[in-house]
Amino acid sequence: MRQGICLKLGITALILIVLQSKVLGQIAPPSDYDQKLSDVIVNATRSGTPLDQMSLNTTILTKEVLESSPDQTIDQVLKNVPGVFLNDVPYYQKDPTGQSINVRGLGYGRTLVLIDGLPANDAFYGTVQWNLVPMSSIESVEFVRGGVSSLYGNYGMGGVININTRTPKNSGQDVSASYGSFGTGNLAASKDLMVSDAVQMRFSADYFSSEGFQNYATISPGSPSNIKNGMGTDAVKNSNIRLQNYFKPTQDTNAFLRLGYSTMADLSNNYAIAPNLIQTADVAGGSTTNLDVDKKVQVNAFYQNTNFYKQTADNLTTGSKSPYLNANYTDPYSTVGASAQYTHDLKAAGIDQYIIGIDARNISASNLTNNLNTNGNGAVTSVNYAKGQQNFYGLLGQLKSNASIIPLETTLGARVDVWNSQTPTLYNASANGANPVYQAIPNQSKTQLSPSLGFVYKATDDLNLRTAAYQAFHAPSMNNTLRSYGNTTTGYSIANPNLTPETMTGYEVGFDYRWKGGFAQLTAFNNYIQNAITSYKITSANWDFANSLCTASGIAGCQPTSSKSPGYTNVSYYTNQQNLLSRGLELQYHHDVNANWALDGGYSYTRTVLTWSATTDPINGQVGGVPMNMANAGITYYPIPQASVSTTVRYVGNSWMDTAHLYPVPAYAIVGLRANYQVSPQASVFASVVNLFNRQYVTFNIASAASSYQAGMPQAISVGARITF
């Protein structure tokens, strides 16, 4: 209570300072917002496309947008962007295997996330480890919705999010720190070094920790009646170290080399006895060489190695201990990739630009699962082991043309992807790995063509009309093909190494209207996924199949009894046996009314249904985890040029936790507040409040088949400062 009072007094004092200060710095909005937007180059397109030439719905989160948000992590900032489905629980409250992003209701793990143009999706789970990108290191974010597989291949269904980090600007350094509710604190420092005109370096490090909050609701059906014995509070500790090097070996060549190491330790399994630990080392390098004034070659390579150690706990009351660890998992995996691209700004024969590119990537992984007995002594009762790899090879081409007769810009692209999956080792064994039973898994492969076609018609200097059509694909994650897991409380999920990639076709139409003080965007989209990867729940109707899967998996407790109980439904199996259709509207608005006031707004309508399913999920009903209506609004007040106060409102309409519609999620609205003050050109302070009125509510889950509710973020107050010297 005392901590909360001090934080509230701190934020109140800061707001008073903001409202009464003398002019010292500059925070107020630019007077030429249209010029600022027209200067933006979208690097996520691989061809350096100006924002006003984008045929896909594109949002740019500028540094000013990031700094005006009450939220303290990038995933929670992104959740307010129309078309994004992330619930009101920060990443550090979620299990690391569930830290992903859903765009346009297409499902989690189907959107590509880049950091400075290089892949950031987790190689094993397909999720996004948001701890790799602390807010202090982000310069801007590019968010391109719609199928981008013609450029990037896998993960390109929902779109691409490219996070641009800060680069060296002078030989200075900065330190930032914040502290808030639930013991949530962040400390970051960086050092820029301009060795010469040809060599620049940036070293950065950050540390984040939080005691977390209880994320299981206790007031709604389907939730625990009370906090389970031994349950923790999702405490987390993250650390990152990054070294960015930029070189100019010749007048025509720019190169970079990046090194990084990060760790995340958390208790997101909700039991203090079951921590998770992720350790990741990565290296990336590349160069851009200008062959001529209109020709260039880009070459990139990257490598990432991750070790993920995970434990799960059960609350079974029949054992000698409750709760107890029921399993542990060791998942070492790595990804290595490279790409080369040639770009020619031709501007002749009706073609303005063409690009040709090639890339390759290999993911190697293994999963060791030790299933433990129920008396809590840690004895191994059975072992599951799987080892495999996936290879991706892509060849892409893209043409851009600007018609001379009418103001029409055309982008035509196509990519051929070759994917194959190999699982040379998969076995199930008894106690301590004895008597392994090996399974022969055939190799899987697929060749996919992903074309795209986009048009931008410049109706006036301020109004663009655009449309695009595309095809995309998404390969199964190795979590689905290699890792079998479960417990007696939540059931069992059995890996399927025979899964194949999904295919999506889609199109969208929209307009962008930009004026001196802001912009308005409206987009309608239609996306259809065939052979969608899903979880098939075994019922009493196919009991023998359930029994054979459990026996093959070797998971202790999974095997059903010999009596064919008609209610046995706790075994799930991954399949490609669903088709999904998602349609909707996205609206976004910003207006700098004058030097003192700015307005923001957004709305999305998303209708996502299954059109065919061999599982127990019903068709033609809204998919779980996808609210149909979502909206946000914001007002920013600049009492003086170097200060701002922002208020935001996020509305989430009625939704369901599951596709069977057994667990409804009532609509809710959450208010946030943030105040910024530039004390001097070198120092700034801020204070923010998430859930200003401390509303108690449940939020939609990150999965489409959840069986328990999740409490949304309670009131959280943070104060912080940044010093540059």
# chains A, B, ... in the order shown; residues from 1 in each chain; ligands from 1

$ select_by_dssp --residues "segment 590-674 of chain A" --states "strand (DSSP E or B)" --output "count of residues only"
52

$ residues_around --residues "segment 178-184 of chain A" --least-positions-apart "3" --cutoff "10 Å" --atoms "only C-alpha atoms" --output "MDAnalysis selection string"
chainID A and resid 3:4 7 72 187:188 208:213 233 235:237 685:689 714:722

$ residues_around --residues "Asn694 of chain A" --least-positions-apart "2" --cutoff "9 Å" --atoms "only C-alpha atoms" --output "list in words"
Ile670, Val671, Val690, Asn691, Leu692, Gln696, Met713, Pro714, Gln715 and Ala716 of chain A

$ write_last_selection --atoms "C-alpha atoms" --output "tab-separated table (two decimals), in the first residue's frame"
chain	number	residue	atom	x	y	z
A	670	ILE	CA	-9.34	0.25	-20.06
A	671	VAL	CA	-7.99	3.77	-19.57
A	690	VAL	CA	-2.00	1.33	-17.05
A	691	ASN	CA	-5.64	0.63	-16.10
A	692	LEU	CA	-6.06	4.02	-14.47
A	696	GLN	CA	-11.12	-5.90	-12.59
A	713	MET	CA	-3.61	-6.13	-16.20
A	714	PRO	CA	-4.57	-4.43	-12.93
A	715	GLN	CA	-3.62	-0.83	-12.19
A	716	ALA	CA	0.13	-0.47	-12.72

$ select_by_dssp --residues "segment 380-512 of chain A" --states "helix (DSSP H, G or I)" --output "ChimeraX atom specification"
/A:431-433,478-482

$ write_last_selection --atoms "N, CA and C atoms" --output "mmCIF file, in the first residue's frame"
data_model
loop_
_atom_site.group_PDB
_atom_site.id
_atom_site.type_symbol
_atom_site.label_atom_id
_atom_site.label_comp_id
_atom_site.auth_asym_id
_atom_site.auth_seq_id
_atom_site.Cartn_x
_atom_site.Cartn_y
_atom_site.Cartn_z
ATOM 1 N N ALA A 431 11.092 -45.785 -17.758
ATOM 2 C CA ALA A 431 11.760 -45.047 -16.696
ATOM 3 C C ALA A 431 13.236 -44.835 -16.996
ATOM 4 N N ASN A 432 13.659 -43.569 -16.864
ATOM 5 C CA ASN A 432 15.055 -43.174 -17.054
ATOM 6 C C ASN A 432 15.588 -43.521 -18.441
ATOM 7 N N GLY A 433 14.697 -43.581 -19.435
ATOM 8 C CA GLY A 433 15.119 -43.774 -20.816
ATOM 9 C C GLY A 433 15.378 -45.205 -21.212
ATOM 10 N N MET A 478 8.274 -26.486 -34.891
ATOM 11 C CA MET A 478 8.852 -27.723 -34.394
ATOM 12 C C MET A 478 8.279 -28.086 -33.029
ATOM 13 N N ASN A 479 7.665 -27.122 -32.366
ATOM 14 C CA ASN A 479 6.930 -27.418 -31.146
ATOM 15 C C ASN A 479 5.772 -28.366 -31.449
ATOM 16 N N ASN A 480 5.148 -28.212 -32.622
ATOM 17 C CA ASN A 480 4.035 -29.081 -33.007
ATOM 18 C C ASN A 480 4.512 -30.436 -33.525
ATOM 19 N N THR A 481 5.718 -30.485 -34.082
ATOM 20 C CA THR A 481 6.186 -31.726 -34.701
ATOM 21 C C THR A 481 7.067 -32.581 -33.788
ATOM 22 N N LEU A 482 7.671 -31.979 -32.757
ATOM 23 C CA LEU A 482 8.632 -32.715 -31.937
ATOM 24 C C LEU A 482 8.245 -32.866 -30.472
#

$ residues_around --residues "Pro134 of chain A" --least-positions-apart "5" --cutoff "10 Å" --atoms "only C-alpha atoms" --output "PDB file with N, CA and C atoms, in the first residue's frame"
ATOM      1  N   GLN A  72       4.613  -0.302 -21.111  1.00  0.00           N
ATOM      2  CA  GLN A  72       6.054  -0.324 -20.901  1.00  0.00           C
ATOM      3  C   GLN A  72       6.788  -1.391 -21.706  1.00  0.00           C
ATOM      4  N   THR A  73       6.048  -2.204 -22.490  1.00  0.00           N
ATOM      5  CA  THR A  73       6.682  -3.222 -23.327  1.00  0.00           C
ATOM      6  C   THR A  73       6.118  -3.105 -24.739  1.00  0.00           C
ATOM      7  N   ILE A  74       6.915  -3.506 -25.731  1.00  0.00           N
ATOM      8  CA  ILE A  74       6.533  -3.282 -27.125  1.00  0.00           C
ATOM      9  C   ILE A  74       5.300  -4.094 -27.507  1.00  0.00           C
ATOM     10  N   THR A 165      15.999  -0.488 -34.446  1.00  0.00           N
ATOM     11  CA  THR A 165      16.631  -0.082 -33.198  1.00  0.00           C
ATOM     12  C   THR A 165      17.498   1.152 -33.417  1.00  0.00           C
ATOM     13  N   ASN A 186      13.130  -1.492 -14.759  1.00  0.00           N
ATOM     14  CA  ASN A 186      13.933  -1.633 -15.969  1.00  0.00           C
ATOM     15  C   ASN A 186      15.117  -0.675 -15.885  1.00  0.00           C
ATOM     16  N   LEU A 187      16.275  -1.179 -16.239  1.00  0.00           N
ATOM     17  CA  LEU A 187      17.489  -0.369 -16.273  1.00  0.00           C
ATOM     18  C   LEU A 187      18.196  -0.643 -17.601  1.00  0.00           C
ATOM     19  N   ALA A 188      18.492   0.412 -18.344  1.00  0.00           N
ATOM     20  CA  ALA A 188      19.147   0.255 -19.647  1.00  0.00           C
ATOM     21  C   ALA A 188      20.232   1.303 -19.807  1.00  0.00           C
ATOM     22  N   ALA A 205      23.031  -2.480 -23.052  1.00  0.00           N
ATOM     23  CA  ALA A 205      22.696  -3.537 -22.100  1.00  0.00           C
ATOM     24  C   ALA A 205      21.463  -3.104 -21.325  1.00  0.00           C
ATOM     25  N   ASP A 206      20.633  -4.064 -20.982  1.00  0.00           N
ATOM     26  CA  ASP A 206      19.448  -3.728 -20.196  1.00  0.00           C
ATOM     27  C   ASP A 206      19.076  -4.893 -19.296  1.00  0.00           C
ATOM     28  N   TYR A 207      18.350  -4.562 -18.245  1.00  0.00           N
ATOM     29  CA  TYR A 207      17.881  -5.558 -17.278  1.00  0.00           C
ATOM     30  C   TYR A 207      16.455  -5.216 -16.900  1.00  0.00           C
ATOM     31  N   PHE A 208      15.599  -6.216 -16.944  1.00  0.00           N
ATOM     32  CA  PHE A 208      14.182  -6.025 -16.620  1.00  0.00           C
ATOM     33  C   PHE A 208      13.761  -7.097 -15.629  1.00  0.00           C
ATOM     34  N   ASN A 238      14.823 -10.551 -17.054  1.00  0.00           N
ATOM     35  CA  ASN A 238      15.389 -10.545 -18.407  1.00  0.00           C
ATOM     36  C   ASN A 238      16.693  -9.753 -18.414  1.00  0.00           C
ATOM     37  N   SER A 239      17.626 -10.178 -19.234  1.00  0.00           N
ATOM     38  CA  SER A 239      18.838  -9.393 -19.443  1.00  0.00           C
ATOM     39  C   SER A 239      19.257  -9.493 -20.905  1.00  0.00           C
ATOM     40  N   ASN A 240      19.805  -8.408 -21.424  1.00  0.00           N
ATOM     41  CA  ASN A 240      20.255  -8.343 -22.813  1.00  0.00           C
ATOM     42  C   ASN A 240      21.573  -7.595 -22.895  1.00  0.00           C
TER      43      ASN A 240
END

$ atom_distance --atom1 "atom CA of Lys79 of chain A" --atom2 "atom CA of Trp612 of chain A"
29.0 Å

$ residues_around --residues "segment 631-633 of chain A" --least-positions-apart "6" --cutoff "9 Å" --atoms "only C-alpha atoms" --output "list in words"
Asn80, Val81, Pro82, Leu599, Asp600, Gly601, Gly602, Tyr603, Ser604, Tyr605, Thr647, Thr648, Val649, Arg650, Tyr651, Val652 and Gly653 of chain A

$ closest_residue --among "A:Gly672, A:Tyr709, A:Gly357, A:Leu243" --to "Val77 of chain A" --atoms "only C-alpha atoms"
A:Gly672

$ residues_around --residues "segment 422-428 of chain A" --least-positions-apart "4" --cutoff "12 Å" --atoms "only C-alpha atoms" --output "VMD selection string"
chain A and resid 362 to 371 381 to 391 432 to 445 478 481 to 484 495 to 500 549 to 556

$ write_last_selection --atoms "C-alpha atoms" --output "PDB file, in the first residue's frame"
ATOM      1  CA  ASN A 362      18.070 -24.212 -41.566  1.00  0.00           C
ATOM      2  CA  ILE A 363      16.446 -24.890 -38.199  1.00  0.00           C
ATOM      3  CA  SER A 364      17.824 -27.741 -36.104  1.00  0.00           C
ATOM      4  CA  ALA A 365      16.195 -28.731 -32.839  1.00  0.00           C
ATOM      5  CA  SER A 366      15.624 -31.486 -30.347  1.00  0.00           C
ATOM      6  CA  ASN A 367      13.270 -32.025 -27.452  1.00  0.00           C
ATOM      7  CA  LEU A 368      13.911 -34.172 -24.409  1.00  0.00           C
ATOM      8  CA  THR A 369      10.865 -34.660 -22.175  1.00  0.00           C
ATOM      9  CA  ASN A 370      11.212 -36.321 -18.784  1.00  0.00           C
ATOM     10  CA  ASN A 371       7.822 -37.284 -17.360  1.00  0.00           C
ATOM     11  CA  THR A 381       8.684 -42.509 -15.228  1.00  0.00           C
ATOM     12  CA  SER A 382       9.027 -42.182 -19.004  1.00  0.00           C
ATOM     13  CA  VAL A 383      11.025 -40.292 -21.612  1.00  0.00           C
ATOM     14  CA  ASN A 384      10.123 -38.769 -24.984  1.00  0.00           C
ATOM     15  CA  TYR A 385      12.886 -37.696 -27.336  1.00  0.00           C
ATOM     16  CA  ALA A 386      12.731 -36.212 -30.813  1.00  0.00           C
ATOM     17  CA  LYS A 387      15.324 -34.602 -33.036  1.00  0.00           C
ATOM     18  CA  GLY A 388      14.800 -32.969 -36.402  1.00  0.00           C
ATOM     19  CA  GLN A 389      15.420 -30.119 -38.786  1.00  0.00           C
ATOM     20  CA  GLN A 390      13.564 -27.968 -41.289  1.00  0.00           C
ATOM     21  CA  ASN A 391      15.118 -26.355 -44.355  1.00  0.00           C
ATOM     22  CA  ASN A 432      15.055 -43.174 -17.054  1.00  0.00           C
ATOM     23  CA  GLY A 433      15.119 -43.774 -20.816  1.00  0.00           C
ATOM     24  CA  ALA A 434      15.229 -47.561 -20.726  1.00  0.00           C
ATOM     25  CA  ASN A 435      13.902 -49.718 -23.555  1.00  0.00           C
ATOM     26  CA  PRO A 436      13.428 -46.979 -26.162  1.00  0.00           C
ATOM     27  CA  VAL A 437      10.887 -47.616 -28.908  1.00  0.00           C
ATOM     28  CA  TYR A 438      11.891 -45.811 -32.113  1.00  0.00           C
ATOM     29  CA  GLN A 439       9.412 -44.520 -34.663  1.00  0.00           C
ATOM     30  CA  ALA A 440      10.223 -44.249 -38.371  1.00  0.00           C
ATOM     31  CA  ILE A 441       9.155 -40.814 -39.605  1.00  0.00           C
ATOM     32  CA  PRO A 442       9.111 -40.154 -43.349  1.00  0.00           C
ATOM     33  CA  ASN A 443      10.539 -36.886 -44.638  1.00  0.00           C
ATOM     34  CA  GLN A 444       8.049 -34.174 -45.528  1.00  0.00           C
ATOM     35  CA  SER A 445       8.455 -31.596 -48.314  1.00  0.00           C
ATOM     36  CA  MET A 478       8.852 -27.723 -34.394  1.00  0.00           C
ATOM     37  CA  THR A 481       6.186 -31.726 -34.701  1.00  0.00           C
ATOM     38  CA  LEU A 482       8.632 -32.715 -31.937  1.00  0.00           C
ATOM     39  CA  ARG A 483       7.270 -31.931 -28.463  1.00  0.00           C
ATOM     40  CA  SER A 484       4.638 -34.066 -26.746  1.00  0.00           C
ATOM     41  CA  ALA A 495       3.333 -34.063 -31.465  1.00  0.00           C
ATOM     42  CA  ASN A 496       2.772 -34.865 -35.122  1.00  0.00           C
ATOM     43  CA  PRO A 497       5.995 -34.964 -37.211  1.00  0.00           C
ATOM     44  CA  ASN A 498       3.915 -35.490 -40.380  1.00  0.00           C
ATOM     45  CA  LEU A 499       2.420 -31.976 -40.424  1.00  0.00           C
ATOM     46  CA  THR A 500       2.735 -29.979 -43.652  1.00  0.00           C
ATOM     47  CA  LEU A 549      -1.495 -42.082 -29.464  1.00  0.00           C
ATOM     48  CA  CYS A 550      -1.017 -42.124 -25.699  1.00  0.00           C
ATOM     49  CA  THR A 551       0.776 -45.452 -25.836  1.00  0.00           C
ATOM     50  CA  ALA A 552       3.061 -44.204 -28.608  1.00  0.00           C
ATOM     51  CA  SER A 553       3.802 -40.947 -26.772  1.00  0.00           C
ATOM     52  CA  GLY A 554       4.923 -42.680 -23.624  1.00  0.00           C
ATOM     53  CA  ILE A 555       3.662 -39.800 -21.450  1.00  0.00           C
ATOM     54  CA  ALA A 556       2.953 -40.992 -17.933  1.00  0.00           C
TER      55      ALA A 556
END

$ closest_residue --among "A:Gly185, A:Gly337, A:Gly285, A:Gly394" --to "Asn245 of chain A" --atoms "only C-alpha atoms"
A:Gly285

$ residues_around --residues "Arg46 of chain A" --least-positions-apart "4" --cutoff "10 Å" --atoms "only C-alpha atoms" --output "PyMOL selection string"
chain A and resi 42+117+151-152+298+341+343+355+357+398

$ atom_distance --atom1 "atom CA of Asn527 of chain A" --atom2 "atom CA of Asn579 of chain A"
10.8 Å

$ closest_residue --among "A:Gln710, A:Thr699, A:Gln530, A:Asn377" --to "Asn87 of chain A" --atoms "only C-alpha atoms"
A:Thr699

$ closest_residue --among "A:Ser47, A:Thr97, A:Asn102, A:Thr616" --to "Gly397 of chain A" --atoms "only C-alpha atoms"
A:Ser47

$ atom_distance --atom1 "atom CA of Leu51 of chain A" --atom2 "atom CA of Val456 of chain A"
11.2 Å
